[in-house]
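Here the structure comes first, spelled out in structure tokens, and everything after it is commentary.
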Amino acid sequence: MPVKVQIVQLNAISTPLINKFYKQHRGRGRANKQDQNWVVKDPEIIAACRIQDVEGELFLSSVLVAPEYRGKGIARALLAHVFVQQNSVIYTFAYRHLSQFYRQMGFCESTLPLQLQPYFNSYVAQKRDIVAMCLPK
């Protein structure tokens with residue numbers, strides 16, 4: 001990982017910065033001010049993720065690393081930092097080809113709480129090859 005990186009949670013007023021990053025790298029995510037928006041800076045944003053509160057359930061979404069920084073452990077460092085800041089179970093929908101990475105981060109395949117099931121069903125209907133996973137607390 002580059003030496004100068006910082007992992008920070010953006011304040012609500014900085015939400016447009018993460019959305020600019022997602023758009024620049026064709027990410028599907030769109031951050032909201034209510035989300036926990038986490039980034040890795042070097043000194044510009046090189047990776048990002050969101051923790052959403054969906055009716056009381058924590059949901060990890062929109063994990064993205066800029067292409068030129070992939071394969072350097074940045075996503076692993078970002079997620080490890082974010083996870084220690086949480087006090088509840090975290091759910092995610094992992095693309096099947098990334099499920100082993102999430103298992104290495106401590107996730108396991110899981111049934112979903114009712115609040116998250118409609119989102120999962122919607123993504124599956126869009127032909128996304130995803131797996132429901134959770135990180136126990």
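Letters for chains follow the order of the structure tokens (A, B, ...), residue numbers begin at 1 for each chain, and ligand numbers begin at 1 in the order shown.
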
Inset, instruction - List every residue of region 49-121 of chain A that DSSP, applied to the backbone, labels as alpha helix (DSSP H), and write the result as a ChimeraX atom specification. - result: /A:74-84,99-104,117-121

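Our summary of the geometry notes that CA of Val131 (chain A) is positioned 24.8 Å from CA of Asn19 (chain A).
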
Tell me which protein, DNA and RNA residues are within 7 Å of region 51-68 of chain A, counting only C-alpha atoms, leaving out same-chain ones fewer than 6 positions away, and put them as a PDB file with C-alpha atoms, in the first residue's frame.
ATOM      1  CA  HIS A  25     -14.417   5.049 -12.098  1.00  0.00           C
ATOM      2  CA  GLY A  27     -18.911   2.678  -9.895  1.00  0.00           C
ATOM      3  CA  ARG A  28     -22.570   1.889  -9.398  1.00  0.00           C
ATOM      4  CA  GLY A  29     -22.746   3.407  -5.926  1.00  0.00           C
ATOM      5  CA  ASP A  35     -24.316   7.004   4.997  1.00  0.00           C
ATOM      6  CA  GLN A  36     -20.972   6.393   6.591  1.00  0.00           C
ATOM      7  CA  ASN A  37     -18.787   7.275   3.611  1.00  0.00           C
ATOM      8  CA  ALA A  75      -9.541  -2.633  -0.140  1.00  0.00           C
ATOM      9  CA  VAL A  89     -23.420  -7.254  12.298  1.00  0.00           C
ATOM     10  CA  ILE A  90     -22.604  -5.991   8.787  1.00  0.00           C
ATOM     11  CA  TYR A  91     -24.318  -7.406   5.706  1.00  0.00           C
ATOM     12  CA  THR A  92     -23.181  -7.147   2.110  1.00  0.00           C
ATOM     13  CA  GLN A 115     -35.194  -5.184   5.561  1.00  0.00           C
TER      14      GLN A 115
END

Inset, instruction - Write out as a PyMOL selection string all residues of region 4-130 of chain A that DSSP puts in strand (DSSP E) for this structure's backbone. - result: chain A and resi 6-10+36-41+45-54+57-65+90-95+108-109+130

Legend entry - Top pick for closest residue to Lys127 (chain A), considering A:Met105, A:Tyr95, A:Ile46, A:Thr15 and counting only C-alpha atoms: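 With only C-alpha atoms as the atom set, the closest residue is A:Tyr95.
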
Legend entry - Distance in Å - CA of Pro118 (chain A) versus CA of Arg30 (chain A):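 Between these atoms lies a distance of 18.2 Å.
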
Legend entry - Closest of A:Ile18, A:Met133, A:Cys108, A:Ala31 to Glu44 (chain A) - atom-to-atom distances counting only C-alpha atoms: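 With only C-alpha atoms as the atom set, the closest residue is A:Ile18.
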
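The gap separating CA of Phe93 (chain A) from CA of Ala80 (chain A) is 17.2 Å, in Å to one decimal.
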
Inset, instruction - Between A:Arg26, A:Leu135, A:Ala125, A:Lys33, single out the one closest to Asn11 (chain A), counting only C-alpha atoms. - result: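 For Asn11 (chain A), the nearest of the given residues is A:Lys33.
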
Legend entry - Top pick for closest residue to Leu116 (chain A), considering A:Cys134, A:Gln86, A:Lys20, A:Asp129 and counting only C-alpha atoms: A:Cys134

Inset, instruction - Have a look at A:Ala132, A:Ala77, A:Phe120, A:Pro113 and name the one nearest to Ser99 (chain A); count only C-alpha atoms. - result: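 Of A:Ala132, A:Ala77, A:Phe120, A:Pro113, the one nearest Ser99 (chain A) is A:Ala132, counting only C-alpha atoms.
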
Legend entry - Shortest interatomic distance to Val8 (chain A) - which of A:Lys23, A:His97, A:His81, A:Arg76, counting only C-alpha atoms: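 Of A:Lys23, A:His97, A:His81, A:Arg76, the one nearest Val8 (chain A) is A:His81, counting only C-alpha atoms.
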